[in-house]
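> Submitted below is the structure of interest, expressed as structure tokens.
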Amino acid sequence: MVPKLPLQSHRWRDLRGVTAADVGALAEQMTSAAATGNGDAWRQTWTCMTDGLTDDGTVFDGAYAALPYIVEAAAALPPAQSVDFWVDLGFIVTAEDRHPVPSDLEAGFDAALRLAERAAVRSLLAAGPEESVTAQVLAHLALSCAAFAGHHTAEALWQLVAPRENGLQLVCPGCESDTEFPDFFVDPVRPPFEAPALPAPAPVRPGEHPWGGIAAVLQEEALGEGWEPFLRVARRVAAAGVPPETPGQAVLCLVAGVVAVVGAPHRAEKEWGRELMLLTGYFRCWDCERTWSIADGLAENPDGARPQKPPTEVGTYADGSAAPGEPPAGRTGETPTRFRQEGDALLAGQGTAWGRITVFSDSAPDSFGGVESLAVVSRPGRPTLVAGAGAGAGAGAGAGAGAKGVVCLWDMADGRLVHAPLRGHPDRIRSMTTLPLPDGRILLASGGDTGTIALWNPVTGQSVREPAGNWLGGVTGMCAATVPDGRTLLVTATPRGAVRAWDPLTGESVGRLNPYGSPIQSIAAVPISDDHTLIAASDTAGRLHVWDPAVDDPWEEGAAVQLSARALADADHRGAAVAAVPAYGRTVLATGDNGGVVMLWDPATGAPIGDGLPFSTGTAGLPVITGATLHGGRAVLVVGSRQGRRVRVWEPETGALQHIALDVAVTCLAIAGPELIVGHDRGVLKLPLPGR
């Protein structure tokens, strides 16, 4: 007997998803059907109950009290009549979001799973002759049996709901990136790779188990030439009782073998068994470039998942290609090079060390918090400084109106603080820029989310001008602009559409831009000569604007040339971020959209330059962009997405492209010399920019 919570217990009132009366009624219907050998009323009752026990992948705690009753009743049904029930139960026990089993219900639920395993295996052996049991249902039933045995590979149920229609989506156990194979399943005559190896000695489940009959059935060679080694693995797994430590690939051999052999003599089952056997192969993550077993990609956080050897040593990839899921890189069509962060190391390829990642001091959550903006202070003959700003300690990027802003300055060489954190901003700092003044001084300007603007001396760490309120709204972007009369202006933008030019020392507003008043989300200064800077901006509707701060009337174009409307329409490009980058011997404008596409523009003509940087899997989101010219004249553009965990390093003139996967959520980017500075949700770090 399976231990059960009495139906009269008041405990049922505390459980979600089911009532004691419903459980008793369903169990009675099942018992009646088992006694008479007919009757399907229980099926409709069970379908209604599953809608209460689960909700979009969430299993409620009422299931743990209900299933001991229902499983015991279902186990008495004729095996061929309960196939669908065991499949439904398999989906429940492998759901992604399952409430913990309450301690007082644990014994009954565990006993119910052991009984379910025995009964479901009987149904699996009885399912073959049934014309109504398709190959897909057989696969689901075999995985459900594995789920009742406690093996994590059974989570593949949720990936294989309708595999031929949905293809295959795998999750990298290392970096958690999705890799999709829309046309994965084929019907191979012979296996494209070797059967998986079992560890020696192979694990054996202690005690009695119901899988002996399955092992006996799998003696038949049903898959054709070359597939016997896979069935040999399947037999060994079944004979051992599917212990939890069995490699996932071997369990999938068992599932595929069951479909092919138990489903005989139907040709469709034999063919689909060979297709399912492809799941015992390997795939390479498009993001971190490591190779994993497909079985590990089908389960969530699988136990014991380890990167495999390079592809030349393990066989064919899931789709037979060298780098799945990636479009060509720029004009050259080169395959992107990929790097990843592991601790404080930057690794390339299959784990080759490339460089070291430096965490800037005192930029941890308990001392500084997330960084919203970065600026690089380059001073001839003096150390380069990196400024980062955001909310104060404990406030974080999502802090409310009470958060205080703080600016930190680090020595670029070693990442140490050169001053104590500069406090005094009454609000969270959303934007920051350097201001090179005509007298040779360089100041820092910072803007807060309630509209305050402050100036700082990065050398002394002193405030040049105390934060002053700005009724125009939060400062979402700022940059420095030089005009032909020799002045350096501070330009700020707000989500309310106010774009103003200021005298940085007096705080006086000296010009207005954005005559249409579009809400602005990104601005950048684009130099067109040594003494003349244009301002580019993107608004919240995706429109792109170019203004000349040297003209007094905001309706006058001055030297500004708008970007080609036809080119924008043809590319369906809606700008979300703008940045000035050096390339092609001049400064050009880069625009990024929420899909991950980046385009380059000639500010003199408004025409696009080159093919741009195309969409890449995993790069969508609000973009962050920075660019610089490295030693040797190489122009690089670094692109990420806000709160994303990867960046792309692109050389637009050659098309060379690298991907870097990080362990932090990116908020802002900057380049200082040959190194990339990354502001993130937990502070600031730097890493060497990859070479060609």
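How things are named: the first chain in the structure tokens is A, the next is B, and so on; residues count from 1 in each chain; ligands count from 1 in the order shown.
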Residues of segment 148-246 of chain A that have any atom at most 12 Å from an atom of segment 68-88 of chain A: could you tabulate them with the shortest-distance atom pair and the distance in Å to one decimal, using only C-alpha atoms, ordered by chain and increasing number, as a tab-separated table?


```
residue	atom	partner	partner_atom	distance
A:Phe148	CA	A:Trp86	CA	9.6
A:Ala154	CA	A:Val87	CA	11.2
A:Leu157	CA	A:Val87	CA	9.2
A:Trp158	CA	A:Val87	CA	11.3
A:Val161	CA	A:Val87	CA	11.0
```

> Put those residues in a file: C-alpha atoms, as a compact mmCIF listing (two decimals), in the first residue's frame.


```txt
# COMPACT_ATOMS: atom_id res chain seq x y z
CA PHE A 148 9.80 7.77 -12.43
CA ALA A 154 13.65 12.60 -18.70
CA LEU A 157 10.03 15.31 -22.54
CA TRP A 158 9.39 19.04 -22.68
CA VAL A 161 6.57 17.48 -27.44
```

> Which of segment 77-245 of chain A end up as helix (DSSP H, G or I) when DSSP is run on this backbone - answer as a ChimeraX atom specification?

/A:79-81,83-93,103-126,135-148,152-158,163-166,212-217,228-240

> Neighbouring residues of Pro196 of chain A were defined as those with any atom within 9 Å, considering only C-alpha atoms; residues of the same chain fewer than 6 positions away were excluded. Please report them as a VMD selection string.

chain A and resid 229 to 230 233 247 249 to 250 253 280 to 281

> Can you write out the residues you just picked, keeping N, CA and C atoms, as a short mmCIF file (atom, residue, chain, number, x, y, z; two decimals), in the first residue's frame?


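Just written: again.cif:
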```cif
data_model
loop_
_atom_site.label_atom_id
_atom_site.label_comp_id
_atom_site.auth_asym_id
_atom_site.auth_seq_id
_atom_site.Cartn_x
_atom_site.Cartn_y
_atom_site.Cartn_z
N PRO A 229 25.73 -1.36 -31.82
CA PRO A 229 26.39 -0.82 -30.61
C PRO A 229 25.48 0.08 -29.78
N PHE A 230 24.57 0.81 -30.43
CA PHE A 230 23.65 1.67 -29.69
C PHE A 230 22.65 0.83 -28.90
N VAL A 233 24.23 -0.60 -25.79
CA VAL A 233 24.21 0.36 -24.68
C VAL A 233 22.83 0.40 -24.05
N PRO A 247 24.98 8.06 -17.73
CA PRO A 247 25.10 9.21 -18.65
C PRO A 247 23.82 9.42 -19.45
N GLN A 249 23.35 10.40 -22.45
CA GLN A 249 23.38 9.83 -23.80
C GLN A 249 22.95 8.38 -23.80
N ALA A 250 23.36 7.62 -22.78
CA ALA A 250 23.02 6.21 -22.72
C ALA A 250 21.52 6.01 -22.48
N CYS A 253 19.82 6.41 -25.69
CA CYS A 253 19.94 5.17 -26.47
C CYS A 253 18.80 4.22 -26.11
N THR A 280 21.89 11.13 -29.22
CA THR A 280 23.02 10.66 -28.43
C THR A 280 24.33 11.27 -28.91
N GLY A 281 24.25 12.22 -29.85
CA GLY A 281 25.45 12.86 -30.37
C GLY A 281 25.85 14.09 -29.58
#
```

> Which residues are near Ala501 of chain A? Cut-off 12 Å, only C-alpha atoms, ignore same chain within fewer than 6 positions. Put them as a ChimeraX atom specification.

/A:478-483,487-493,507-514,525,534-535,547-552,554

> Keeping only C-alpha atoms, write the selected residues to a file as a compact mmCIF listing (two decimals), in the first residue's frame.


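Final file, selection23.txt:
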```txt
# COMPACT_ATOMS: atom_id res chain seq x y z
CA MET A 478 25.34 63.86 -22.19
CA CYS A 479 28.38 64.65 -24.33
CA ALA A 480 30.86 67.46 -25.02
CA ALA A 481 30.63 69.56 -28.19
CA THR A 482 33.17 71.96 -29.66
CA VAL A 483 31.87 74.87 -31.73
CA ARG A 487 33.85 77.10 -26.83
CA THR A 488 33.32 73.63 -25.38
CA LEU A 489 29.67 73.03 -24.56
CA LEU A 490 28.00 70.41 -22.46
CA VAL A 491 25.02 68.88 -24.26
CA THR A 492 22.38 67.00 -22.29
CA ALA A 493 19.25 65.07 -23.27
CA GLY A 507 25.61 76.39 -15.85
CA GLU A 508 23.87 78.78 -18.27
CA SER A 509 21.78 77.29 -21.07
CA VAL A 510 23.21 78.64 -24.35
CA GLY A 511 21.29 76.67 -26.97
CA ARG A 512 18.42 74.36 -27.77
CA LEU A 513 18.40 71.37 -30.07
CA ASN A 514 15.70 68.82 -30.96
CA ALA A 525 29.12 63.93 -30.17
CA LEU A 534 27.70 67.65 -34.44
CA ILE A 535 25.25 65.95 -32.09
CA TRP A 547 21.95 68.60 -35.04
CA ASP A 548 24.53 71.37 -35.20
CA PRO A 549 25.03 73.07 -31.80
CA ALA A 550 26.83 75.98 -33.52
CA VAL A 551 23.58 77.41 -34.91
CA ASP A 552 21.31 79.50 -32.72
CA PRO A 554 17.23 74.85 -33.63
```

> Extract, using only C-alpha atoms, all DNA, RNA and protein residues at most 9 Å from segment 536-545 of chain A, discarding same-chain residues fewer than 4 positions from it, and format them as number ranges by chain.

A: 493, 495, 497, 514, 518-526, 561-563, 573-580, 589, 591, 593

> Store the residues of this selection in a file with C-alpha atoms, as a PDB file, in the first residue's frame.


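Now in again-v3.pdb:
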```pdb
ATOM      1  CA  ALA A 493      19.251  65.075 -23.273  1.00  0.00           C
ATOM      2  CA  PRO A 495      13.373  61.492 -21.989  1.00  0.00           C
ATOM      3  CA  GLY A 497      12.682  65.613 -25.316  1.00  0.00           C
ATOM      4  CA  ASN A 514      15.695  68.820 -30.961  1.00  0.00           C
ATOM      5  CA  SER A 518      11.097  63.781 -29.433  1.00  0.00           C
ATOM      6  CA  PRO A 519      11.920  61.865 -26.200  1.00  0.00           C
ATOM      7  CA  ILE A 520      15.634  61.055 -26.400  1.00  0.00           C
ATOM      8  CA  GLN A 521      17.274  57.839 -25.202  1.00  0.00           C
ATOM      9  CA  SER A 522      20.838  58.208 -26.571  1.00  0.00           C
ATOM     10  CA  ILE A 523      23.098  61.045 -27.791  1.00  0.00           C
ATOM     11  CA  ALA A 524      26.686  61.237 -29.030  1.00  0.00           C
ATOM     12  CA  ALA A 525      29.121  63.926 -30.165  1.00  0.00           C
ATOM     13  CA  VAL A 526      30.385  63.410 -33.743  1.00  0.00           C
ATOM     14  CA  VAL A 561      23.121  66.290 -42.573  1.00  0.00           C
ATOM     15  CA  GLN A 562      20.296  63.911 -41.707  1.00  0.00           C
ATOM     16  CA  LEU A 563      20.754  60.197 -42.263  1.00  0.00           C
ATOM     17  CA  HIS A 573      16.565  50.107 -38.882  1.00  0.00           C
ATOM     18  CA  ARG A 574      15.156  51.809 -35.786  1.00  0.00           C
ATOM     19  CA  GLY A 575      17.965  53.333 -33.780  1.00  0.00           C
ATOM     20  CA  ALA A 576      18.153  52.761 -30.041  1.00  0.00           C
ATOM     21  CA  ALA A 577      21.748  53.911 -29.418  1.00  0.00           C
ATOM     22  CA  VAL A 578      24.275  56.149 -31.179  1.00  0.00           C
ATOM     23  CA  ALA A 579      28.053  56.432 -30.857  1.00  0.00           C
ATOM     24  CA  ALA A 580      30.918  58.157 -32.682  1.00  0.00           C
ATOM     25  CA  LEU A 589      28.392  57.546 -36.710  1.00  0.00           C
ATOM     26  CA  THR A 591      23.708  53.341 -34.743  1.00  0.00           C
ATOM     27  CA  ASP A 593      18.882  48.831 -32.849  1.00  0.00           C
TER      28      ASP A 593
END
```

> Go ahead and compute the interatomic distance for atom CA of Ala413 of chain A and atom CA of Phe360 of chain A, in Å to one decimal.

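Interatomic distance, atom CA of Ala413 of chain A to atom CA of Phe360 of chain A: 10.2 Å.
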
> Of the residues A:Ala234, A:Leu125, A:Ala656, A:Val255, which is the one nearest to Gly213 of chain A, using only C-alpha atoms?

A:Leu125
